[in-house]
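Chemist: My structure is stored as work-v5.txt, with compact mmCIF, C-alpha atoms (C1' of nucleotides).
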```txt
# COMPACT_ATOMS: atom_id res chain seq x y z
CA MET A 1 7.79 29.48 17.82
CA SER A 2 7.63 26.12 19.53
CA GLU A 3 6.67 22.89 17.81
CA LEU A 4 3.62 22.68 20.04
CA GLU A 5 2.52 26.20 19.19
CA GLU A 6 2.92 25.46 15.49
CA SER A 7 0.86 22.33 15.83
CA ILE A 8 -1.89 23.96 17.83
CA LYS A 9 -2.18 26.52 15.08
CA SER A 10 -2.11 24.03 12.28
CA TYR A 11 -4.45 21.50 13.84
CA PHE A 12 -6.86 23.80 15.59
CA GLY A 13 -6.67 26.92 13.48
CA VAL A 14 -5.32 30.16 14.81
CA PRO A 15 -6.97 31.43 17.96
CA ASN A 16 -6.11 35.01 18.94
CA GLU A 17 -2.76 35.62 20.64
CA GLU A 18 -4.15 35.86 24.11
CA ASN A 19 -6.01 32.60 23.84
CA LEU A 20 -3.06 30.89 22.27
CA ALA A 21 -0.98 32.04 25.24
CA THR A 22 -3.58 30.63 27.61
CA ILE A 23 -3.60 27.33 25.81
CA MET A 24 0.17 27.10 25.68
CA SER A 25 0.60 27.92 29.33
CA VAL A 26 -1.28 24.88 30.59
CA PHE A 27 0.71 22.24 28.78
CA GLU A 28 3.40 20.68 30.92
CA PHE A 29 6.66 19.35 29.58
CA GLN A 30 7.50 15.77 30.44
CA LYS A 31 10.07 13.15 29.50
CA ILE A 32 9.30 9.48 29.11
CA LYS A 33 11.98 6.81 29.04
CA LYS A 34 11.95 4.17 26.36
CA GLY A 35 9.67 1.34 27.47
CA ALA A 36 7.79 3.42 30.05
CA PHE A 37 4.01 3.73 29.95
CA LEU A 38 2.08 6.91 29.51
CA LEU A 39 -1.11 4.96 30.11
CA LYS A 40 -2.00 1.39 30.99
CA VAL A 41 -5.15 -0.55 30.21
CA GLY A 42 -7.74 -0.12 32.91
CA GLU A 43 -6.37 3.16 34.22
CA TYR A 44 -8.32 6.35 33.82
CA CYS A 45 -6.69 8.43 31.15
CA ARG A 46 -6.28 11.85 32.73
CA SER A 47 -4.24 13.59 30.12
CA LEU A 48 -3.89 14.44 26.48
CA SER A 49 -0.34 14.66 25.22
CA PHE A 50 1.48 16.28 22.37
CA VAL A 51 4.56 14.48 21.10
CA GLN A 52 7.50 16.89 20.94
CA SER A 53 9.94 14.17 19.99
CA GLY A 54 10.07 10.40 20.07
CA LEU A 55 7.56 7.66 19.44
CA LEU A 56 4.59 6.30 21.36
CA ARG A 57 2.71 3.11 20.62
CA MET A 58 -0.97 2.73 21.50
CA TYR A 59 -2.03 -0.87 21.73
CA ILE A 60 -4.79 -3.09 23.01
CA PRO A 61 -3.63 -6.26 24.77
CA THR A 62 -5.69 -9.32 23.91
CA PRO A 63 -5.30 -12.89 25.18
CA ASP A 64 -3.22 -14.07 22.22
CA LYS A 65 -1.46 -10.89 21.11
CA ASP A 66 -1.18 -7.14 21.42
CA ILE A 67 -3.01 -5.15 18.77
CA THR A 68 -1.16 -1.99 17.85
CA GLN A 69 -3.81 0.62 17.24
CA TRP A 70 -1.52 3.49 16.28
CA ILE A 71 1.98 4.87 16.58
CA SER A 72 2.27 8.55 17.46
CA THR A 73 5.24 10.51 16.30
CA THR A 74 6.57 14.07 16.53
CA GLY A 75 3.75 16.54 16.07
CA ASP A 76 0.93 14.15 16.96
CA PHE A 77 -1.49 14.28 19.84
CA THR A 78 -2.13 11.10 21.74
CA THR A 79 -4.64 9.93 24.35
CA ASP A 80 -7.36 7.36 24.86
CA LEU A 81 -10.04 9.80 23.79
CA SER A 82 -12.90 7.79 25.16
CA SER A 83 -11.29 7.37 28.56
CA PHE A 84 -10.14 10.98 28.69
CA ILE A 85 -13.47 12.51 27.76
CA PHE A 86 -15.94 10.14 29.39
CA GLU A 87 -13.74 9.16 32.32
CA THR A 88 -14.05 5.45 31.76
CA PRO A 89 -11.27 2.86 32.21
CA SER A 90 -8.89 2.90 29.30
CA ARG A 91 -9.04 0.04 26.80
CA LEU A 92 -5.52 0.65 25.64
CA SER A 93 -1.98 1.15 26.78
CA ILE A 94 0.41 3.80 25.54
CA GLN A 95 4.09 2.95 25.73
CA ALA A 96 7.20 4.85 24.64
CA LEU A 97 9.14 3.12 21.86
CA THR A 98 12.04 5.54 22.35
CA ASP A 99 12.92 8.19 24.88
CA THR A 100 10.14 10.65 24.26
CA GLU A 101 9.38 14.26 25.08
CA ILE A 102 5.78 15.33 25.41
CA PHE A 103 3.69 18.30 26.43
CA THR A 104 0.87 17.11 28.58
CA LEU A 105 -2.52 18.65 29.20
CA SER A 106 -4.29 17.44 32.32
CA LYS A 107 -8.04 16.95 32.34
CA GLU A 108 -8.36 19.88 34.74
CA ASN A 109 -6.45 22.20 32.47
CA TYR A 110 -8.30 20.87 29.47
CA ASN A 111 -11.56 21.81 31.15
CA ARG A 112 -10.15 25.20 32.02
CA ILE A 113 -9.36 25.88 28.39
CA GLY A 114 -12.92 24.95 27.52
CA ASN A 115 -14.20 27.51 29.95
CA GLU A 116 -11.75 30.29 29.26
CA VAL A 117 -11.23 30.13 25.54
CA SER A 118 -14.50 30.73 23.82
CA GLU A 119 -13.64 29.22 20.43
CA TRP A 120 -12.07 26.14 21.99
CA HIS A 121 -14.96 23.71 21.60
CA GLU A 122 -15.36 24.65 17.99
CA LEU A 123 -11.67 24.31 17.20
CA GLU A 124 -11.55 21.04 19.01
CA LYS A 125 -14.60 19.87 17.13
CA PHE A 126 -12.86 20.51 13.83
CA PHE A 127 -9.81 18.70 15.04
CA ILE A 128 -11.79 15.65 16.04
CA ILE A 129 -13.71 15.64 12.81
CA ARG A 130 -10.42 15.44 10.96
CA CYS A 131 -9.46 12.47 13.12
CA PHE A 132 -12.85 10.92 12.45
CA VAL A 133 -12.36 11.22 8.71
CA MET A 134 -8.97 9.54 8.96
CA LEU A 135 -10.58 6.61 10.73
CA GLU A 136 -13.26 6.40 8.07
CA GLU A 137 -10.53 6.08 5.48
CA ARG A 138 -8.80 3.46 7.52
CA ILE A 139 -11.98 1.42 7.73
CA PHE A 140 -12.43 1.77 3.99
CA SER A 141 -8.95 0.33 3.54
CA HIS A 142 -10.04 -2.78 5.43
CA LEU A 143 -13.26 -3.12 3.49
CA SER A 144 -11.75 -2.79 0.06
CA MET A 145 -8.01 -3.43 0.01
CA THR A 146 -5.64 -6.38 0.21
CA ALA A 147 -2.83 -6.47 2.73
CA GLU A 148 -0.41 -5.31 0.05
CA GLU A 149 -2.55 -2.34 -0.89
CA ARG A 150 -2.87 -1.30 2.74
CA TYR A 151 0.88 -1.61 3.04
CA ASN A 152 1.43 0.69 0.08
CA VAL A 153 -1.02 3.33 1.20
CA PHE A 154 0.49 3.40 4.66
CA PHE A 155 4.03 3.42 3.33
CA GLU A 156 3.34 6.46 1.18
CA LYS A 157 2.03 8.39 4.17
CA HIS A 158 4.40 7.22 6.87
CA ARG A 159 7.75 6.30 5.33
CA GLU A 160 9.66 7.69 8.34
CA LEU A 161 8.17 5.11 10.65
CA PHE A 162 9.63 2.22 8.66
CA HIS A 163 13.13 2.76 9.91
CA GLN A 164 12.21 3.94 13.38
CA VAL A 165 9.97 1.27 14.87
CA PRO A 166 9.86 -2.53 14.91
CA LEU A 167 8.07 -3.51 11.73
CA GLN A 168 5.90 -6.01 13.55
CA TYR A 169 4.04 -3.07 15.11
CA ILE A 170 3.30 -1.60 11.72
CA ALA A 171 2.11 -5.02 10.57
CA SER A 172 -0.23 -5.14 13.53
CA LEU A 173 -1.71 -1.71 12.96
CA LEU A 174 -2.30 -2.63 9.33
CA GLY A 175 -4.09 -5.79 10.38
CA MET A 176 -1.67 -8.43 9.09
CA SER A 177 0.83 -10.89 10.55
CA PRO A 178 4.53 -9.97 10.70
CA GLU A 179 5.24 -12.76 8.21
CA THR A 180 2.81 -11.42 5.66
CA PHE A 181 4.30 -7.97 6.16
CA SER A 182 7.77 -9.31 5.58
CA ARG A 183 6.73 -11.12 2.41
CA ILE A 184 5.05 -8.05 1.00
CA ARG A 185 8.27 -6.11 1.49
CA LYS A 186 10.26 -8.82 -0.20
CA ASN A 187 7.91 -8.81 -3.15
CA LEU A 188 8.02 -5.05 -3.55
CA GLU A 189 11.78 -4.78 -3.59
CA LYS A 190 11.92 -6.63 -6.91
CA MET B 1 -42.25 14.62 21.99
CA SER B 2 -40.98 13.90 18.50
CA GLU B 3 -38.48 11.18 17.65
CA LEU B 4 -36.06 13.88 16.51
CA GLU B 5 -36.40 15.80 19.73
CA GLU B 6 -35.79 12.64 21.73
CA SER B 7 -32.71 11.90 19.72
CA ILE B 8 -31.29 15.38 19.95
CA LYS B 9 -31.62 15.08 23.70
CA SER B 10 -30.14 11.66 23.93
CA TYR B 11 -27.27 12.22 21.52
CA PHE B 12 -26.41 15.79 22.33
CA GLY B 13 -27.49 16.09 25.92
CA VAL B 14 -30.28 18.37 26.97
CA PRO B 15 -29.92 21.99 25.96
CA ASN B 16 -32.37 24.40 27.59
CA GLU B 17 -35.89 24.57 26.20
CA GLU B 18 -35.38 27.69 24.20
CA ASN B 19 -32.30 26.33 22.48
CA LEU B 20 -33.94 23.02 21.86
CA ALA B 21 -36.78 24.89 20.18
CA THR B 22 -34.29 26.80 18.04
CA ILE B 23 -32.60 23.59 17.02
CA MET B 24 -35.84 21.80 16.24
CA SER B 25 -37.21 24.66 14.20
CA VAL B 26 -34.49 24.53 11.56
CA PHE B 27 -34.83 20.88 10.63
CA GLU B 28 -36.94 20.32 7.55
CA PHE B 29 -39.06 17.26 6.98
CA GLN B 30 -38.46 15.41 3.75
CA LYS B 31 -39.49 12.13 2.13
CA ILE B 32 -37.21 10.02 0.00
CA LYS B 33 -38.46 7.30 -2.28
CA LYS B 34 -36.83 3.90 -2.22
CA GLY B 35 -33.83 3.94 -4.53
CA ALA B 36 -33.50 7.72 -4.56
CA PHE B 37 -30.25 9.41 -3.59
CA LEU B 38 -29.78 11.77 -0.71
CA LEU B 39 -26.22 12.37 -1.90
CA LYS B 40 -24.10 11.24 -4.82
CA VAL B 41 -20.34 10.86 -5.05
CA GLY B 42 -18.68 14.05 -6.17
CA GLU B 43 -21.50 16.33 -5.06
CA TYR B 44 -21.03 18.74 -2.22
CA CYS B 45 -22.88 17.46 0.79
CA ARG B 46 -24.96 20.40 1.97
CA SER B 47 -27.03 18.76 4.62
CA LEU B 48 -27.07 16.61 7.68
CA SER B 49 -30.08 14.37 8.07
CA PHE B 50 -31.87 12.61 10.86
CA VAL B 51 -33.67 9.40 9.93
CA GLN B 52 -37.24 9.50 11.16
CA SER B 53 -38.12 6.20 9.51
CA GLY B 54 -36.65 3.98 6.83
CA LEU B 55 -33.15 2.97 5.83
CA LEU B 56 -30.29 4.73 4.09
CA ARG B 57 -27.16 3.11 2.76
CA MET B 58 -23.87 5.02 2.55
CA TYR B 59 -21.47 3.49 0.08
CA ILE B 60 -18.32 4.21 -1.84
CA PRO B 61 -18.35 3.09 -5.48
CA THR B 62 -15.08 1.53 -6.63
CA PRO B 63 -14.18 0.15 -10.06
CA ASP B 64 -15.06 -3.45 -9.19
CA LYS B 65 -17.73 -3.07 -6.53
CA ASP B 66 -19.57 -0.76 -4.19
CA ILE B 67 -18.29 -0.67 -0.64
CA THR B 68 -21.09 -0.21 1.87
CA GLN B 69 -19.70 2.01 4.59
CA TRP B 70 -22.77 2.09 6.81
CA ILE B 71 -26.53 1.66 6.92
CA SER B 72 -28.47 4.31 8.81
CA THR B 73 -31.73 3.44 10.42
CA THR B 74 -34.45 5.14 12.47
CA GLY B 75 -32.89 7.47 15.01
CA ASP B 76 -29.52 7.83 13.26
CA PHE B 77 -27.94 10.91 11.79
CA THR B 78 -26.38 10.62 8.38
CA THR B 79 -24.13 12.77 6.21
CA ASP B 80 -20.73 12.75 4.57
CA LEU B 81 -19.17 14.55 7.49
CA SER B 82 -16.02 15.50 5.66
CA SER B 83 -17.87 16.94 2.71
CA PHE B 84 -20.44 18.67 4.89
CA ILE B 85 -17.95 20.32 7.21
CA PHE B 86 -15.04 21.07 4.90
CA GLU B 87 -17.12 21.62 1.77
CA THR B 88 -15.19 19.17 -0.34
CA PRO B 89 -16.66 16.80 -2.96
CA SER B 90 -18.28 13.79 -1.34
CA ARG B 91 -16.53 10.46 -1.55
CA LEU B 92 -19.70 8.54 -0.96
CA SER B 93 -23.27 8.18 -2.05
CA ILE B 94 -26.27 7.88 0.20
CA GLN B 95 -29.24 5.99 -1.18
CA ALA B 96 -32.60 5.06 0.33
CA LEU B 97 -33.12 1.32 0.72
CA THR B 98 -36.80 1.88 1.51
CA ASP B 99 -39.12 4.83 1.40
CA THR B 100 -37.57 7.00 4.05
CA GLU B 101 -38.54 10.02 6.11
CA ILE B 102 -35.86 12.37 7.28
CA PHE B 103 -35.41 15.69 9.01
CA THR B 104 -32.78 17.65 7.20
CA LEU B 105 -30.52 20.38 8.46
CA SER B 106 -29.00 22.57 5.77
CA LYS B 107 -25.45 23.84 6.11
CA GLU B 108 -26.81 27.38 6.52
CA ASN B 109 -29.09 26.39 9.36
CA TYR B 110 -26.36 24.28 10.86
CA ASN B 111 -24.13 27.35 10.96
CA ARG B 112 -26.96 29.36 12.43
CA ILE B 113 -27.31 26.91 15.29
CA GLY B 114 -23.59 27.23 15.91
CA ASN B 115 -23.95 30.98 16.24
CA GLU B 116 -27.18 31.11 18.18
CA VAL B 117 -26.90 28.20 20.56
CA SER B 118 -23.93 28.72 22.80
CA GLU B 119 -23.46 25.12 23.96
CA TRP B 120 -23.86 23.75 20.46
CA HIS B 121 -20.20 23.24 19.57
CA GLU B 122 -19.57 21.46 22.80
CA LEU B 123 -22.58 19.17 22.44
CA GLU B 124 -21.66 18.46 18.88
CA LYS B 125 -18.10 17.73 19.95
CA PHE B 126 -19.30 15.08 22.38
CA PHE B 127 -21.50 13.60 19.74
CA ILE B 128 -18.64 13.32 17.27
CA ILE B 129 -16.33 11.87 19.87
CA ARG B 130 -18.85 9.11 20.42
CA CYS B 131 -18.85 8.44 16.69
CA PHE B 132 -15.07 8.47 16.71
CA VAL B 133 -14.95 5.87 19.42
CA MET B 134 -17.32 3.65 17.47
CA LEU B 135 -14.99 3.82 14.49
CA GLU B 136 -12.03 2.95 16.70
CA GLU B 137 -13.87 -0.15 17.77
CA ARG B 138 -14.70 -1.00 14.23
CA ILE B 139 -11.04 -0.75 13.25
CA PHE B 140 -10.12 -2.93 16.19
CA SER B 141 -12.54 -5.54 14.87
CA HIS B 142 -10.64 -5.62 11.60
CA LEU B 143 -7.26 -5.84 13.31
CA SER B 144 -8.14 -8.66 15.65
CA MET B 145 -11.20 -10.61 14.57
CA THR B 146 -12.14 -13.18 11.95
CA ALA B 147 -15.05 -12.65 9.61
CA GLU B 148 -17.22 -14.82 11.84
CA GLU B 149 -16.36 -12.84 14.94
CA ARG B 150 -17.16 -9.58 13.21
CA TYR B 151 -20.44 -11.11 12.10
CA ASN B 152 -21.36 -12.03 15.64
CA VAL B 153 -20.46 -8.68 17.15
CA PHE B 154 -22.45 -6.86 14.49
CA PHE B 155 -25.37 -9.23 14.78
CA GLU B 156 -25.64 -8.65 18.52
CA LYS B 157 -25.82 -4.90 18.02
CA HIS B 158 -27.92 -4.69 14.87
CA ARG B 159 -30.26 -7.67 14.71
CA GLU B 160 -33.07 -5.58 13.24
CA LEU B 161 -31.10 -4.89 10.09
CA PHE B 162 -30.82 -8.57 9.20
CA HIS B 163 -34.42 -8.82 8.09
CA GLN B 164 -34.67 -5.35 6.64
CA VAL B 165 -31.84 -4.96 4.17
CA PRO B 166 -30.17 -7.13 1.52
CA LEU B 167 -27.61 -9.16 3.39
CA GLN B 168 -24.93 -8.45 0.80
CA TYR B 169 -24.79 -4.88 2.09
CA ILE B 170 -24.15 -6.07 5.61
CA ALA B 171 -21.46 -8.40 4.26
CA SER B 172 -19.84 -5.45 2.54
CA LEU B 173 -19.86 -3.21 5.57
CA LEU B 174 -18.31 -6.04 7.57
CA GLY B 175 -15.59 -6.43 4.97
CA MET B 176 -16.41 -9.88 3.61
CA SER B 177 -17.90 -11.36 0.44
CA PRO B 178 -21.60 -12.21 0.30
CA GLU B 179 -20.65 -15.89 -0.04
CA THR B 180 -18.57 -15.87 3.11
CA PHE B 181 -21.41 -14.09 4.87
CA SER B 182 -23.87 -16.71 3.73
CA ARG B 183 -21.62 -19.56 4.86
CA ILE B 184 -21.13 -18.04 8.28
CA ARG B 185 -24.90 -17.88 8.69
CA LYS B 186 -25.25 -21.48 7.63
CA ASN B 187 -22.62 -22.55 10.13
CA LEU B 188 -24.22 -20.67 12.99
CA GLU B 189 -27.69 -22.08 12.53
CA LYS B 190 -26.45 -25.53 13.48
C1' DA C 1 -49.68 -13.87 -15.06
C1' DT C 2 -45.44 -13.98 -17.00
C1' DA C 3 -40.98 -12.29 -17.55
C1' DA C 4 -37.11 -10.08 -15.66
C1' DA C 5 -34.34 -8.76 -11.82
C1' DT C 6 -32.49 -9.33 -7.60
C1' DC C 7 -30.88 -11.91 -3.93
C1' DC C 8 -29.23 -15.77 -1.49
C1' DT C 9 -27.15 -20.23 -1.38
C1' DT C 10 -24.03 -23.91 -2.51
C1' DG C 11 -20.13 -26.34 -4.50
C1' DA C 12 -15.59 -26.29 -6.56
C1' DT C 13 -11.48 -23.98 -6.91
C1' DT C 14 -8.00 -20.46 -6.23
C1' DT C 15 -5.97 -16.90 -3.75
C1' DT C 16 -4.77 -14.73 0.29
C1' DT C 17 -3.28 -14.75 4.71
C1' DA C 18 -2.17 -17.03 9.19
C1' DT C 19 0.32 -20.27 11.68
C1' DC C 20 4.19 -23.06 12.87
C1' DA C 21 8.98 -23.77 13.01
C1' DA C 22 13.64 -22.73 12.31
C1' DG C 23 17.43 -19.82 11.61
C1' DA C 24 20.12 -15.55 10.73
C1' DG C 25 21.43 -10.88 12.02
C1' DC C 26 22.06 -7.51 15.52
C1' DA C 27 22.10 -5.09 19.63
C1' DA C 28 22.17 -4.98 24.48
C1' DT C 29 24.26 -7.10 28.51
C1' DA C 30 26.79 -9.67 31.71
C1' DT D 1 33.61 -11.98 24.32
C1' DA D 2 30.02 -14.95 24.94
C1' DT D 3 25.20 -14.81 25.84
C1' DT D 4 20.70 -13.49 25.71
C1' DG D 5 16.94 -11.26 23.62
C1' DC D 6 14.77 -9.24 19.91
C1' DT D 7 13.52 -8.78 15.24
C1' DC D 8 13.07 -10.10 10.77
C1' DT D 9 13.04 -13.59 7.21
C1' DT D 10 12.00 -17.83 4.96
C1' DG D 11 9.87 -22.22 4.01
C1' DA D 12 6.21 -25.51 4.69
C1' DT D 13 1.64 -26.11 5.78
C1' DA D 14 -3.01 -24.99 7.17
C1' DA D 15 -6.83 -22.11 7.49
C1' DA D 16 -9.64 -18.36 5.97
C1' DA D 17 -11.74 -15.99 2.62
C1' DA D 18 -12.39 -14.71 -2.37
C1' DT D 19 -13.79 -15.91 -6.76
C1' DC D 20 -16.27 -18.36 -10.25
C1' DA D 21 -20.29 -20.57 -11.65
C1' DA D 22 -24.77 -22.30 -11.34
C1' DG D 23 -29.35 -22.81 -9.48
C1' DG D 24 -33.38 -21.75 -6.77
C1' DA D 25 -36.37 -18.45 -4.49
C1' DT D 26 -38.55 -14.20 -4.17
C1' DT D 27 -39.70 -9.75 -5.56
C1' DT D 28 -40.64 -6.39 -9.04
C1' DA D 29 -42.01 -4.94 -13.35
C1' DT D 30 -44.44 -5.48 -17.68
```
Go ahead and render the structure in this file as structure tokens.
Modeler:
Amino acid sequence: MSELEESIKSYFGVPNEENLATIMSVFEFQKIKKGAFLLKVGEYCRSLSFVQSGLLRMYIPTPDKDITQWISTTGDFTTDLSSFIFETPSRLSIQALTDTEIFTLSKENYNRIGNEVSEWHELEKFFIIRCFVMLEERIFSHLSMTAEERYNVFFEKHRELFHQVPLQYIASLLGMSPETFSRIRKNLEK
Amino acid sequence: MSELEESIKSYFGVPNEENLATIMSVFEFQKIKKGAFLLKVGEYCRSLSFVQSGLLRMYIPTPDKDITQWISTTGDFTTDLSSFIFETPSRLSIQALTDTEIFTLSKENYNRIGNEVSEWHELEKFFIIRCFVMLEERIFSHLSMTAEERYNVFFEKHRELFHQVPLQYIASLLGMSPETFSRIRKNLEK
DNA sequence: ATAAATCCTTGATTTTTATCAAGAGCAATA
DNA sequence: TATTGCTCTTGATAAAAATCAAGGATTTAT
């Protein structure tokens, strides 16, 4: 079974075989070169992508610096949800940190799934609720933890990332400067 | 038309009259005294509530202090979504800051709506996506703004709250100490 | 009405984190 | 191979925010 199929089942629950086949059939395979953009700020995000392999960084450019919102890795879905669903200009860019393989679902095909697969909205709802809960936890980490504590929590969950992406991006998504990040690492290695 | 009915329409879109009637009929009116709990940490959250009037504070108790996650006011829905949906112990408490009137939807009735109202899951999905996007913005505020900037953004959106709830709770939900909050206010009044 | 709580403010101090600046290590490139 | 970018580290300093402590104001309870 493909990685994508596995992930659909594990994220969305197991629809019946026929529906799963329908869902699978509308994803399109695509390769993105390192440094290329899947989405740029201001564009309309017309697709939702599943990462088959590689790494994608979502970030929001601001006047003084880029804010890394998240880094998507193998097995993740990525999109600007707001732009994709409500068809508004995207507030973020998505760029490949390495050569990346994705399965892409266009807005048209996404809508088709909604019409053709009766459980879809419900499955999707559960999926989004899980994402929502993760964001709640992330906010909690900013309300109650120091930079070092956020570092530790993130490190426990995402060790792999630490030797795959520039650490400055992880610092940014944790809400601290690269220098602070570096010093925390130095401290912990003792 | 009732406040609840208005809000259902504006948050969830307009289902047909019959469905709207079905939805409305399963909410139960309830009064909560100031200081009383709608939900306590560790309990299973069995309901989703609409605030008809009054104020509810959601917070997470930690060893050294309570972290206010959000304050719900007239027209808001409130619940521990994770606990309600996945039937896990709640990680937060919900307490009334004033005498409060709510319309409550039990998990059973919530499920009934899902079965009886065909568009329900889709409407709900849109609703949750909007909540998700709000959390994304809140995270962004912690990644890129100072305490004072977060204060200003929040103040613009939620002026009413500033003369209705203890300011320390607002400080907490913005991720700063009450003293910092107080000093920011002093600074701004000049 | 008085006492007790709660809440906000303010000052002094400490801690945390950001900023600035420089340099080292490494990889890509010409 | 030399050069150019990156990336990370480190130190020095500055700024932001937390903590500690006290006092005043207001609300709530007795």
Chemist: Closest to chain A among D:DT19, D:DT27, D:DT3, D:DT10, using all atoms listed in the file?
Modeler: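 Under the stated criterion, the closest residue is D:DT10.
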Chemist: To one decimal place, how far is atom CA of Asp66 of chain A from atom CA of Leu174 of chain A in Å?
Modeler: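 Going from atom CA of Asp66 of chain A over to atom CA of Leu174 of chain A, I get 13.0 Å.
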Chemist: For chain D, work out the contacting residues on chain A at 8 Å, counting only C-alpha atoms (C1' of nucleotides), and write them as a PyMOL selection string.
Modeler: chain A and resi 166+179+182
Chemist: Report as a list in words the set of chain B residues whose atoms approach chain A to within 7 Å, with distances computed over all atoms listed in the file.
Modeler: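 Result: Ile67, Ser82, His121, Glu122, Lys125, Phe132, Val133, Leu135, Ile139, His142, Leu143, Ser144, Leu173 and Gly175 of chain B.
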Chemist: Could you work out how far atom CA of Thr79 of chain B lies from atom CA of Arg46 of chain B, giving the answer in Å with one decimal?
Modeler: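 Taking atom CA of Arg46 of chain B and atom CA of Thr79 of chain B, their separation equals 8.8 Å.
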Chemist: Excluding same-chain residues fewer than 6 positions from Leu105 of chain A, what lies within 7 Å of it counting only C-alpha atoms (C1' of nucleotides), as a tab-separated table (two decimals) with C-alpha atoms, in the frame of the given file?
Modeler:
```
chain	number	residue	atom	x	y	z
A	26	VAL	CA	-1.28	24.88	30.59
A	27	PHE	CA	0.71	22.24	28.78
A	28	GLU	CA	3.40	20.68	30.92
A	47	SER	CA	-4.24	13.59	30.12
A	48	LEU	CA	-3.89	14.44	26.48
A	49	SER	CA	-0.34	14.66	25.22
```
Chemist: Pull out every residue of chain C sitting within 9 Å of chain B, counting all atoms listed in the file, and send them as a PyMOL selection string.
Modeler: chain C and resi 7-10
Chemist: What is the atom CA of Val117 of chain A to atom CA of Leu4 of chain A distance in Å?
Modeler: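 Computed distance, atom CA of Val117 of chain A to atom CA of Leu4 of chain A, equals 17.5 Å.
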